[in-house]
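*Asks:* What follows is upload-v5.cif; its format and atoms are mmCIF, C-alpha atoms and all ligand atoms.
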data_upload
#
loop_
_atom_site.label_atom_id
_atom_site.label_comp_id
_atom_site.auth_asym_id
_atom_site.auth_seq_id
_atom_site.Cartn_x
_atom_site.Cartn_y
_atom_site.Cartn_z
CA MET H 1 55.36 -97.40 -18.92
CA THR H 2 51.68 -97.75 -19.71
CA ASP H 3 49.41 -99.77 -17.44
CA ALA H 4 49.50 -102.77 -19.75
CA ALA H 5 53.32 -102.71 -19.93
CA THR H 6 53.52 -102.63 -16.14
CA ALA H 7 50.93 -105.40 -15.92
CA ALA H 8 53.03 -107.60 -18.23
CA VAL H 9 56.14 -107.14 -16.06
CA GLU H 10 54.22 -107.78 -12.84
CA LEU H 11 52.62 -110.89 -14.28
CA PHE H 12 56.04 -112.08 -15.43
CA GLU H 13 57.58 -111.68 -11.97
CA GLN H 14 54.61 -113.31 -10.30
CA VAL H 15 54.55 -116.35 -12.60
CA TYR H 16 58.24 -116.98 -13.29
CA GLY H 17 60.07 -115.14 -10.47
CA GLY H 18 62.73 -112.58 -11.37
CA PRO H 19 62.61 -109.92 -14.05
CA PRO H 20 62.08 -110.38 -17.81
CA ALA H 21 64.96 -109.73 -20.20
CA GLY H 22 62.83 -107.08 -21.85
CA VAL H 23 59.35 -105.95 -22.84
CA TRP H 24 58.08 -105.67 -26.41
CA GLN H 25 54.80 -104.39 -27.77
CA SER H 26 52.68 -104.35 -30.88
CA PRO H 27 49.41 -102.50 -31.55
CA GLY H 28 45.88 -103.39 -32.50
CA ARG H 29 44.56 -101.74 -35.66
CA VAL H 30 41.45 -100.34 -37.15
CA ASN H 31 40.93 -100.60 -40.87
CA LEU H 32 39.72 -97.36 -42.48
CA ILE H 33 38.67 -99.05 -45.70
CA GLY H 34 39.50 -102.07 -47.86
CA GLU H 35 37.63 -104.89 -46.09
CA HIS H 36 37.98 -108.52 -47.14
CA THR H 37 40.36 -107.37 -49.84
CA ASP H 38 43.69 -108.49 -48.37
CA TYR H 39 43.29 -112.16 -49.28
CA ASN H 40 42.27 -111.09 -52.78
CA ASP H 41 45.68 -109.45 -53.40
CA GLY H 42 43.86 -106.15 -52.93
CA LEU H 43 44.44 -102.78 -51.25
CA VAL H 44 43.83 -101.91 -47.60
CA LEU H 45 44.15 -98.76 -45.48
CA PRO H 46 44.44 -99.48 -41.74
CA ILE H 47 45.86 -97.39 -38.90
CA ALA H 48 47.71 -98.78 -35.88
CA LEU H 49 45.96 -97.97 -32.60
CA PRO H 50 47.44 -96.60 -29.37
CA GLN H 51 46.04 -99.75 -27.70
CA ARG H 52 48.63 -102.51 -27.76
CA THR H 53 49.73 -105.87 -26.47
CA PHE H 54 52.84 -106.15 -24.31
CA ALA H 55 55.03 -109.21 -23.97
CA ALA H 56 57.49 -109.44 -21.07
CA VAL H 57 59.94 -112.11 -22.18
CA ARG H 58 63.00 -114.02 -20.98
CA PRO H 59 64.85 -116.57 -23.10
CA ARG H 60 65.28 -120.12 -21.77
CA THR H 61 68.17 -122.49 -22.27
CA ASP H 62 65.89 -125.45 -23.12
CA ARG H 63 63.31 -125.84 -25.91
CA ARG H 64 60.25 -124.99 -23.89
CA LEU H 65 57.78 -122.13 -24.37
CA ARG H 66 55.94 -121.08 -21.23
CA LEU H 67 53.07 -118.62 -21.51
CA ALA H 68 50.86 -116.58 -19.24
CA SER H 69 48.38 -113.84 -20.15
CA SER H 70 46.51 -111.48 -17.87
CA GLY H 71 43.57 -111.87 -20.25
CA GLN H 72 43.36 -115.62 -19.77
CA THR H 73 43.32 -117.65 -16.61
CA GLY H 74 46.10 -120.09 -15.95
CA GLN H 75 49.38 -120.74 -17.66
CA THR H 76 50.37 -123.07 -20.38
CA GLU H 77 53.51 -124.53 -21.88
CA VAL H 78 54.60 -126.39 -24.97
CA GLU H 79 57.82 -127.95 -26.28
CA LEU H 80 58.97 -126.07 -29.37
CA ASP H 81 59.17 -129.30 -31.36
CA GLN H 82 55.53 -130.09 -30.63
CA ILE H 83 54.06 -126.93 -32.10
CA ALA H 84 51.88 -128.00 -35.02
CA PRO H 85 48.65 -126.95 -36.78
CA GLY H 86 46.06 -126.49 -34.02
CA HIS H 87 48.54 -127.29 -31.26
CA PRO H 88 48.85 -125.99 -28.59
CA ALA H 89 45.18 -125.33 -27.92
CA ASP H 90 43.52 -121.96 -27.51
CA TRP H 91 45.32 -118.65 -27.37
CA ALA H 92 48.78 -120.18 -26.97
CA ARG H 93 48.68 -121.08 -30.67
CA TYR H 94 49.30 -117.49 -31.68
CA PRO H 95 52.60 -116.93 -29.83
CA ALA H 96 53.68 -120.54 -30.36
CA GLY H 97 52.95 -120.13 -34.06
CA VAL H 98 55.33 -117.19 -34.28
CA LEU H 99 58.18 -119.32 -32.87
CA TRP H 100 57.24 -122.10 -35.27
CA ALA H 101 57.18 -119.80 -38.33
CA LEU H 102 60.53 -118.23 -37.45
CA ALA H 103 62.09 -121.67 -36.99
CA ARG H 104 60.66 -122.88 -40.30
CA ALA H 105 62.18 -119.83 -41.98
CA GLY H 106 65.57 -121.03 -40.74
CA HIS H 107 65.99 -118.73 -37.76
CA ILE H 108 67.40 -120.17 -34.56
CA THR H 109 64.95 -119.29 -31.79
CA PRO H 110 65.35 -119.91 -28.06
CA GLY H 111 62.74 -121.30 -25.67
CA LEU H 112 60.94 -118.49 -23.84
CA ASP H 113 59.10 -117.51 -20.71
CA VAL H 114 56.40 -115.04 -21.79
CA ALA H 115 53.89 -112.90 -19.88
CA ILE H 116 51.26 -111.03 -21.89
CA ALA H 117 49.12 -108.03 -20.97
CA SER H 118 47.08 -105.97 -23.40
CA ASP H 119 44.65 -103.11 -23.70
CA VAL H 120 43.49 -104.18 -27.17
CA PRO H 121 39.88 -105.40 -26.94
CA ILE H 122 39.92 -109.13 -27.74
CA GLY H 123 37.71 -110.45 -30.53
CA ALA H 124 36.39 -106.96 -31.33
CA GLY H 125 37.68 -106.77 -34.90
CA LEU H 126 40.62 -104.62 -33.76
CA SER H 127 43.17 -107.35 -34.28
CA SER H 128 44.25 -108.44 -30.84
CA SER H 129 45.55 -111.59 -32.54
CA ALA H 130 48.08 -109.71 -34.71
CA ALA H 131 49.03 -107.53 -31.73
CA LEU H 132 49.84 -110.68 -29.78
CA GLU H 133 51.84 -112.16 -32.65
CA GLY H 134 53.64 -108.87 -33.29
CA ALA H 135 54.69 -108.43 -29.65
CA VAL H 136 56.13 -111.96 -29.51
CA GLY H 137 57.69 -111.58 -32.96
CA ALA H 138 59.36 -108.30 -31.96
CA ALA H 139 60.74 -109.96 -28.82
CA LEU H 140 62.13 -112.87 -30.81
CA SER H 141 63.68 -110.61 -33.42
CA ASP H 142 65.68 -108.83 -30.70
CA LEU H 143 66.41 -111.81 -28.45
CA ALA H 144 67.59 -114.00 -31.32
CA GLY H 145 69.48 -111.10 -32.88
CA LEU H 146 67.52 -111.26 -36.15
CA GLY H 147 67.36 -107.50 -36.62
CA LEU H 148 63.96 -107.68 -38.33
CA LEU H 149 62.72 -104.47 -36.69
CA ALA H 150 65.50 -102.34 -38.15
CA ASP H 151 63.87 -101.50 -41.46
CA ASP H 152 60.65 -102.00 -43.42
CA GLU H 153 61.98 -105.00 -45.33
CA GLY H 154 62.68 -106.80 -42.04
CA ARG H 155 59.28 -105.78 -40.73
CA ARG H 156 57.64 -107.05 -43.90
CA GLN H 157 59.31 -110.42 -43.32
CA LEU H 158 58.28 -110.49 -39.66
CA ALA H 159 54.67 -109.57 -40.53
CA GLU H 160 54.59 -112.38 -43.07
CA LEU H 161 55.88 -114.88 -40.50
CA CYS H 162 53.25 -113.71 -38.01
CA GLN H 163 50.59 -114.24 -40.69
CA GLN H 164 51.89 -117.76 -41.23
CA ALA H 165 51.53 -118.35 -37.48
CA GLU H 166 47.91 -117.23 -37.61
CA ASN H 167 47.08 -119.21 -40.77
CA GLU H 168 48.99 -122.41 -40.20
CA ILE H 169 49.15 -122.89 -36.42
CA ALA H 170 46.16 -120.87 -35.13
CA LEU H 171 44.23 -122.08 -38.21
CA ALA H 172 42.57 -118.71 -38.89
CA PRO H 173 42.54 -118.20 -42.68
CA THR H 174 43.07 -114.41 -42.54
CA GLY H 175 44.91 -112.22 -45.03
CA GLY H 176 48.01 -110.17 -44.27
CA MET H 177 46.53 -106.81 -43.34
CA ASP H 178 46.52 -107.15 -39.56
CA GLN H 179 50.16 -108.09 -39.11
CA ALA H 180 51.31 -105.42 -41.56
CA ALA H 181 49.23 -102.78 -39.76
CA SER H 182 50.70 -103.82 -36.42
CA LEU H 183 54.34 -103.96 -37.51
CA ARG H 184 54.68 -101.57 -40.48
CA SER H 185 52.50 -98.54 -39.63
CA ARG H 186 53.75 -95.05 -38.93
CA ALA H 187 52.35 -92.70 -36.24
CA GLY H 188 50.07 -90.02 -37.69
CA HIS H 189 49.62 -91.99 -40.90
CA ALA H 190 47.39 -94.64 -42.41
CA LEU H 191 49.16 -97.61 -43.94
CA TYR H 192 48.36 -97.92 -47.64
CA LEU H 193 49.23 -101.55 -48.27
CA ASP H 194 49.12 -103.37 -51.57
CA CYS H 195 48.63 -107.00 -50.63
CA ALA H 196 49.63 -108.16 -54.12
CA ASP H 197 53.30 -107.37 -53.52
CA GLY H 198 53.44 -106.22 -49.88
CA SER H 199 54.47 -102.69 -50.83
CA VAL H 200 53.39 -99.83 -48.55
CA SER H 201 53.13 -96.09 -48.48
CA HIS H 202 52.17 -93.89 -45.56
CA VAL H 203 49.24 -91.49 -45.97
CA PRO H 204 49.00 -88.62 -43.45
CA PHE H 205 45.96 -89.22 -41.24
CA ASP H 206 45.21 -86.60 -38.63
CA LEU H 207 41.61 -85.50 -38.27
CA THR H 208 42.14 -83.08 -35.38
CA ALA H 209 42.93 -80.02 -37.48
CA ALA H 210 39.72 -80.59 -39.44
CA GLY H 211 37.66 -80.81 -36.24
CA MET H 212 36.81 -84.43 -36.97
CA VAL H 213 36.99 -87.66 -35.03
CA LEU H 214 37.23 -91.31 -36.00
CA LEU H 215 34.95 -92.88 -33.44
CA VAL H 216 35.36 -96.62 -32.95
CA VAL H 217 32.27 -98.39 -31.69
CA ASP H 218 32.83 -101.87 -30.30
CA THR H 219 29.39 -103.45 -30.57
CA GLY H 220 30.24 -106.06 -27.95
CA ALA H 221 28.68 -108.65 -30.29
CA THR H 222 31.11 -111.50 -30.60
CA HIS H 223 32.72 -112.31 -33.88
CA ALA H 224 34.31 -115.66 -34.41
CA LEU H 225 36.42 -115.82 -37.53
CA GLY H 226 36.81 -119.52 -36.94
CA ASP H 227 33.13 -120.30 -37.39
CA GLY H 228 33.66 -120.90 -41.07
CA GLN H 229 32.06 -117.77 -42.52
CA TYR H 230 35.39 -116.10 -43.14
CA GLY H 231 36.75 -119.19 -44.83
CA SER H 232 33.65 -119.57 -46.96
CA ARG H 233 33.94 -115.95 -48.19
CA ARG H 234 37.53 -116.68 -49.09
CA ALA H 235 36.51 -119.81 -50.95
CA ASP H 236 33.81 -117.85 -52.85
CA CYS H 237 36.45 -115.38 -54.01
CA GLU H 238 38.80 -118.13 -55.11
CA GLN H 239 35.99 -119.84 -57.01
CA ALA H 240 34.98 -116.59 -58.71
CA ALA H 241 38.56 -115.82 -59.71
CA SER H 242 39.00 -119.31 -61.07
CA GLN H 243 35.78 -119.08 -63.14
CA LEU H 244 37.10 -115.85 -64.62
CA GLY H 245 40.48 -117.40 -65.33
CA LEU H 246 42.20 -114.98 -62.96
CA HIS H 247 44.86 -115.56 -60.34
CA SER H 248 42.89 -113.38 -57.90
CA LEU H 249 40.01 -110.89 -58.02
CA ARG H 250 42.56 -108.09 -57.88
CA ALA H 251 43.30 -108.79 -61.51
CA LEU H 252 39.75 -107.83 -62.52
CA ASP H 253 39.71 -104.29 -63.93
CA PRO H 254 36.76 -102.29 -62.50
CA ALA H 255 35.87 -101.32 -66.07
CA GLU H 256 35.41 -105.01 -66.89
CA LEU H 257 33.33 -105.78 -63.80
CA GLU H 258 29.83 -105.72 -65.30
CA HIS H 259 30.90 -107.91 -68.16
CA ALA H 260 32.74 -110.35 -65.90
CA LEU H 261 29.73 -110.73 -63.59
CA GLY H 262 27.86 -112.29 -66.49
CA ASP H 263 30.46 -115.05 -66.68
CA LEU H 264 29.96 -116.20 -63.08
CA SER H 265 27.85 -119.23 -62.30
CA HIS H 266 26.00 -118.04 -59.18
CA GLN H 267 24.44 -114.84 -57.88
CA ARG H 268 26.44 -115.34 -54.67
CA LEU H 269 29.71 -115.26 -56.60
CA ARG H 270 28.57 -112.16 -58.49
CA GLN H 271 27.90 -110.39 -55.19
CA ARG H 272 31.25 -111.37 -53.67
CA THR H 273 33.11 -110.28 -56.79
CA ARG H 274 31.30 -106.95 -56.99
CA HIS H 275 32.19 -106.22 -53.37
CA VAL H 276 35.87 -107.03 -53.76
CA VAL H 277 36.38 -105.12 -57.00
CA THR H 278 34.45 -102.02 -55.93
CA GLU H 279 36.06 -102.09 -52.46
CA ILE H 280 39.56 -102.09 -53.91
CA GLU H 281 38.54 -99.10 -56.03
CA ARG H 282 37.16 -97.36 -52.93
CA VAL H 283 40.54 -97.71 -51.23
CA ARG H 284 42.19 -95.87 -54.13
CA GLN H 285 39.52 -93.19 -53.92
CA ALA H 286 39.88 -92.93 -50.12
CA VAL H 287 43.62 -92.33 -50.42
CA ALA H 288 42.94 -89.63 -53.04
CA ALA H 289 40.28 -88.08 -50.78
CA LEU H 290 42.69 -88.00 -47.83
CA GLU H 291 45.39 -86.45 -49.97
CA ARG H 292 43.10 -83.57 -50.87
CA SER H 293 41.68 -83.38 -47.30
CA ASP H 294 38.22 -84.27 -48.59
CA LEU H 295 36.67 -85.80 -45.49
CA VAL H 296 33.15 -85.55 -46.87
CA GLY H 297 34.30 -87.73 -49.75
CA LEU H 298 36.02 -90.12 -47.34
CA GLY H 299 32.84 -90.41 -45.30
CA ARG H 300 30.80 -91.27 -48.40
CA LEU H 301 33.28 -94.01 -49.25
CA PHE H 302 32.99 -95.44 -45.72
CA THR H 303 29.23 -95.68 -46.09
CA ALA H 304 29.41 -97.17 -49.56
CA SER H 305 31.84 -99.76 -48.19
CA HIS H 306 29.40 -100.68 -45.45
CA LEU H 307 26.50 -101.15 -47.85
CA SER H 308 28.65 -103.36 -50.05
CA LEU H 309 29.77 -105.46 -47.07
CA ARG H 310 26.21 -105.70 -45.81
CA ASP H 311 24.41 -106.46 -49.05
CA ASP H 312 26.93 -108.05 -51.39
CA TYR H 313 29.46 -109.64 -49.07
CA GLU H 314 26.92 -110.41 -46.32
CA VAL H 315 29.31 -110.09 -43.39
CA SER H 316 27.57 -107.39 -41.37
CA ALA H 317 25.48 -107.96 -38.25
CA PRO H 318 22.36 -106.22 -36.87
CA GLU H 319 24.47 -104.46 -34.22
CA LEU H 320 26.85 -103.08 -36.87
CA ASP H 321 23.95 -101.89 -39.00
CA THR H 322 22.44 -100.16 -35.99
CA VAL H 323 25.69 -98.22 -35.44
CA VAL H 324 25.91 -97.17 -39.08
CA ASP H 325 22.23 -96.23 -39.46
CA THR H 326 22.19 -94.26 -36.21
CA ALA H 327 25.46 -92.48 -36.96
CA LEU H 328 24.30 -91.41 -40.42
CA ALA H 329 20.95 -90.22 -39.08
CA GLY H 330 22.88 -88.24 -36.43
CA GLY H 331 24.98 -86.27 -38.89
CA ALA H 332 28.10 -88.41 -39.28
CA LEU H 333 30.03 -87.98 -42.55
CA GLY H 334 30.18 -91.73 -42.97
CA ALA H 335 30.24 -95.01 -41.07
CA ARG H 336 31.04 -98.64 -41.70
CA MET H 337 31.72 -101.97 -40.08
CA THR H 338 35.45 -102.65 -39.81
CA GLY H 339 37.39 -105.89 -39.54
CA GLY H 340 36.08 -109.29 -40.54
CA GLY H 341 32.48 -108.58 -39.54
CA PHE H 342 29.68 -110.73 -38.02
CA GLY H 343 29.98 -108.47 -34.96
CA GLY H 344 33.05 -106.66 -33.68
CA SER H 345 33.48 -102.95 -34.33
CA ALA H 346 32.29 -100.14 -36.56
CA ILE H 347 33.91 -96.79 -37.31
CA VAL H 348 32.18 -93.44 -37.57
CA LEU H 349 33.66 -90.31 -39.15
CA THR H 350 32.05 -87.40 -37.37
CA PRO H 351 32.57 -83.76 -36.41
CA THR H 352 34.06 -83.58 -32.90
CA GLU H 353 31.14 -81.57 -31.55
CA ALA H 354 28.68 -84.32 -32.52
CA VAL H 355 30.48 -87.16 -30.70
CA ALA H 356 28.73 -86.96 -27.32
CA GLU H 357 25.27 -86.91 -28.88
CA LEU H 358 26.13 -89.70 -31.31
CA ARG H 359 27.35 -91.94 -28.53
CA GLN H 360 24.12 -91.42 -26.68
CA ALA H 361 22.04 -92.03 -29.78
CA ILE H 362 23.88 -95.27 -30.56
CA ASP H 363 23.53 -96.47 -26.99
CA GLN H 364 19.83 -95.69 -27.11
CA ALA H 365 19.41 -97.41 -30.48
CA PHE H 366 20.95 -100.62 -29.09
CA LEU H 367 18.37 -100.64 -26.30
CA GLN H 368 15.52 -99.96 -28.70
CA ALA H 369 16.65 -102.67 -31.09
CA GLY H 370 16.86 -105.13 -28.20
CA HIS H 371 20.50 -106.02 -28.86
CA ALA H 372 21.96 -108.15 -26.09
CA SER H 373 25.27 -106.24 -25.91
CA ARG H 374 26.08 -102.63 -24.99
CA PRO H 375 28.36 -100.60 -27.28
CA THR H 376 31.62 -99.10 -26.04
CA PHE H 377 33.43 -96.21 -27.68
CA PHE H 378 36.85 -94.69 -28.18
CA GLU H 379 38.35 -92.08 -30.47
CA ALA H 380 41.06 -93.57 -32.67
CA VAL H 381 44.31 -91.87 -33.60
CA ALA H 382 47.02 -93.30 -35.81
CA ALA H 383 49.80 -94.58 -33.54
CA GLY H 384 53.22 -96.16 -34.13
CA PRO H 385 54.16 -99.79 -34.86
CA GLY H 386 55.39 -102.66 -32.71
CA GLY H 387 58.89 -102.83 -31.23
CA PRO H 388 60.69 -102.65 -27.89
CA ALA H 389 58.36 -101.16 -25.24
P1 LIG H 401 40.70 -110.06 -33.05
O1 LIG H 401 42.04 -110.25 -33.66
O2 LIG H 401 39.78 -109.28 -33.92
O3 LIG H 401 40.75 -109.48 -31.67
P2 LIG H 401 40.69 -112.92 -33.28
O4 LIG H 401 39.62 -113.93 -33.13
O5 LIG H 401 41.44 -112.85 -34.54
O6 LIG H 401 40.03 -111.50 -32.92
O7 LIG H 401 41.77 -113.12 -32.14
C1 LIG H 401 41.37 -113.22 -30.79
C2 LIG H 401 42.11 -114.37 -30.14
O8 LIG H 401 43.51 -114.02 -30.02
C3 LIG H 401 41.66 -114.63 -28.72
O9 LIG H 401 40.55 -115.51 -28.69
C4 LIG H 401 42.90 -115.26 -28.11
O10 LIG H 401 43.00 -116.60 -28.49
C5 LIG H 401 44.02 -114.49 -28.80
N1 LIG H 401 44.46 -113.32 -28.01
C6 LIG H 401 44.46 -112.04 -28.41
N2 LIG H 401 44.94 -111.21 -27.46
C7 LIG H 401 45.24 -111.99 -26.40
C8 LIG H 401 45.78 -111.74 -25.08
N3 LIG H 401 46.08 -110.52 -24.66
N4 LIG H 401 45.95 -112.81 -24.29
C9 LIG H 401 45.65 -114.06 -24.68
N5 LIG H 401 45.16 -114.35 -25.89
C10 LIG H 401 44.93 -113.34 -26.74
MG MG H 402 42.45 -111.30 -35.43
#
In structure tokens, how does this file's structure come out?
*Replies:*
Amino acid sequence: MTDAATAAVELFEQVYGGPPAGVWQSPGRVNLIGEHTDYNDGLVLPIALPQRTFAAVRPRTDRRLRLASSGQTGQTEVELDQIAPGHPADWARYPAGVLWALARAGHITPGLDVAIASDVPIGAGLSSSAALEGAVGAALSDLAGLGLLADDEGRRQLAELCQQAENEIALAPTGGMDQAASLRSRAGHALYLDCADGSVSHVPFDLTAAGMVLLVVDTGATHALGDGQYGSRRADCEQAASQLGLHSLRALDPAELEHALGDLSHQRLRQRTRHVVTEIERVRQAVAALERSDLVGLGRLFTASHLSLRDDYEVSAPELDTVVDTALAGGALGARMTGGGFGGSAIVLTPTEAVAELRQAIDQAFLQAGHASRPTFFEAVAAGPGGPA
């Protein structure tokens, strides 16, 4: 067992006494490309990370959910019938929301004692929230005998229920990428997900043979999706689609983009639309680049994505720009912010031999820029999806 799995079991025994019925896990993710496209019915290309969240769980005979997490002080509990939008407070909403969504879908779920431990950085744009939902969802699927982990169709359903938990109980208006990445990925592959219909394919993603590394840089700058920026971007996209008479911006053909921009009422909406449409196209191009092992091309797409997110979508942050600028100046093939933005993490595609120097240069650049946080680094590989630990 990994350290976090052991920590979940130890926390369980300490808080509840006795052993859990089992331990389940689900990973964090890093998105290669396709940012702020999921809620536009667009395309995304994340990988699941080796870092994951573990849930040690035991069913209860009553309708109570008790929760403890090594990441959070104290314990909390809620009656299943009292789970509602925004209730319970704080982090307990995410696991409680999963129970709620499963029950609403007609599944009979037991009360639970749950202990959580995780090595996914929290609030770093690496989707600790979906990892938490996925671990609890996997546990419930097995404990309630739902069999949702058995095949991709079941996993698609579970991911959708976890997204409902995040949207409707945790009140974070995110798209479906994170839960799909956590529950439907395949080791050694990126998940090519079409958010319009939930279909997936698995694109081989292994940079080692090419002597390359995907370096994740957690800027340490906090992102808060709940601060309204995420929701306002979503609203911009809905407004733009509605002005164009489209169901979503996915329906806008890239060849029609320039023409369509002229039909939008505000410069802001033109910028948002241009980002979404060009970003969806970049995902297609990134998959094609990976399929022909064109990492130079992939790197260029990363950088183009960052500029679009920075200038048109306006979701970058000074710390993220520092990472990207420094990485590019230091010989990286490409770099971009990843995740929702406003802080969180960036990814850098770089030759392995340049990693040590790049890390130093980025660290140095943070000091020079006077950023309050220090960056931390890890090299990402594409790992497997959630399930029994
Ligand atoms: P991200 O998903 O990028 O890490 P979010 O803001 O979407 O950031 O989710 C972070 C929130 O998820 C935390 O503030 C907390 O409420 C909850 N969370 C995630 N992981 C854990 C954990 N291991 N223990 C307790 N709460 C967690
Ligand atoms: Mg999240």
*Asks:* May I have the centre and edge lengths, in Å to one decimal, of an axis-aligned box around the listed atoms of segment 277-280 of chain H with 4 Å added to every side, as AutoDock Vina command-line options?
*Replies:*
--center_x 37.0 --center_y -103.6 --center_z -54.7 --size_x 13.1 --size_y 11.1 --size_z 12.5
*Asks:* Could you pull out the residues sitting within 6 Å of ligand MG 402 (chain H), using all atoms listed in the file, and write them as a list in words?
*Replies:*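 The distance check yields Ser127, Ser128, Ser129 and Ala130 of chain H.
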*Asks:* Could you list, as a list in words, all protein and nucleic acid residues with an atom at most 6 Å from ligand LIG 401 (chain H), counting all atoms listed in the file?
*Replies:*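 For ligand LIG 401 (chain H), the residues inside 6 Å are Ser69, Gly71, Gln72, Asp90, Trp91, Ile116, Ala117, Ser118, Ile122, Gly123, Ala124, Gly125, Leu126, Ser127, Ser128, Ser129, Leu132, Ala224 and Leu225 of chain H.
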*Asks:* Considering all atoms listed in the file, state which residue in the set H:Ala369, H:Leu67, H:Val15, H:Ala131 is at the smallest distance from Pro27 of chain H.
*Replies:*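 Nearest to Pro27 of chain H: H:Ala131.
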*Asks:* Considering all atoms listed in the file, return as a PyMOL selection string whatever protein or nucleic-acid residues lie within 9 Å of Gln163 of chain H, sequence-local ones (same chain, fewer than 3 positions apart) excluded.
*Replies:* chain H and resi 98+101+130+133+158-160+166-168+174-180
*Asks:* Hey, can you spit out that residue selection with C-alpha atoms as a CSV table (one decimal), keeping the file's coordinate frame?
*Replies:*
chain,number,residue,atom,x,y,z
H,98,VAL,CA,55.3,-117.2,-34.3
H,101,ALA,CA,57.2,-119.8,-38.3
H,130,ALA,CA,48.1,-109.7,-34.7
H,133,GLU,CA,51.8,-112.2,-32.6
H,158,LEU,CA,58.3,-110.5,-39.7
H,159,ALA,CA,54.7,-109.6,-40.5
H,160,GLU,CA,54.6,-112.4,-43.1
H,166,GLU,CA,47.9,-117.2,-37.6
H,167,ASN,CA,47.1,-119.2,-40.8
H,168,GLU,CA,49.0,-122.4,-40.2
H,174,THR,CA,43.1,-114.4,-42.5
H,175,GLY,CA,44.9,-112.2,-45.0
H,176,GLY,CA,48.0,-110.2,-44.3
H,177,MET,CA,46.5,-106.8,-43.3
H,178,ASP,CA,46.5,-107.2,-39.6
H,179,GLN,CA,50.2,-108.1,-39.1
H,180,ALA,CA,51.3,-105.4,-41.6
*Asks:* State, in Å with one decimal place, the distance from atom CA of Leu148 of chain H to atom CA of Leu80 of chain H.
*Replies:* 21.1 Å
*Asks:* With a distance cut-off of 9 Å and all atoms listed in the file, select the neighbouring residues of segment 288-295 of chain H, excluding the residue or stretch itself and same-chain residues fewer than 2 positions from it, and output the selection as a list in words.
*Replies:*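 Contacts, with the query itself left out: Val203, Pro204, Phe205, Leu207, Ala210, Met212, Val283, Arg284, Gln285, Ala286, Gly297, Leu298, Gly299, Arg300, Leu333 and Leu349 of chain H.
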*Asks:* Suppose you want the space between atom CA of Gln271 of chain H and atom CA of Arg310 of chain H; what is it in Å?
*Replies:* 10.6 Å
*Asks:* So that I can see what lies close to Ile47 of chain H, please list as an MDAnalysis selection string the residues with an atom at most 7 Å from it, counting all atoms listed in the file and leaving out residues fewer than 5 positions away in the same chain.
*Replies:* chainID H and resid 29:31 181 185 189:191 382
*Asks:* Quote the spacing between atom CA of Leu11 of chain H and atom CA of Gly28 of chain H in Å to one decimal place.
*Replies:*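 Those two atoms sit 20.8 Å apart.
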*Asks:* Excluding segment 247-261 of chain H and any residue of its chain fewer than 6 positions from it, enumerate the residues within 6 Å of it, using only C-alpha atoms, and give them as a PyMOL selection string.
*Replies:* chain H and resi 40-42+241+270
*Asks:* What would the file look like if the residues just selected were written as a PDB file, in the coordinates of the input with C-alpha atoms?
*Replies:*
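So part05.pdb came out as:
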ATOM      1  CA  ASN H  40      42.270-111.090 -52.780  1.00  0.00           C
ATOM      2  CA  ASP H  41      45.680-109.450 -53.400  1.00  0.00           C
ATOM      3  CA  GLY H  42      43.860-106.150 -52.930  1.00  0.00           C
ATOM      4  CA  ALA H 241      38.560-115.820 -59.710  1.00  0.00           C
ATOM      5  CA  ARG H 270      28.570-112.160 -58.490  1.00  0.00           C
TER       6      ARG H 270
END
*Asks:* Pick from H:Ser242, H:Ser232, H:Gln267, H:Thr222: nearest to Gly343 of chain H, with only C-alpha atoms counted?
*Replies:* H:Thr222
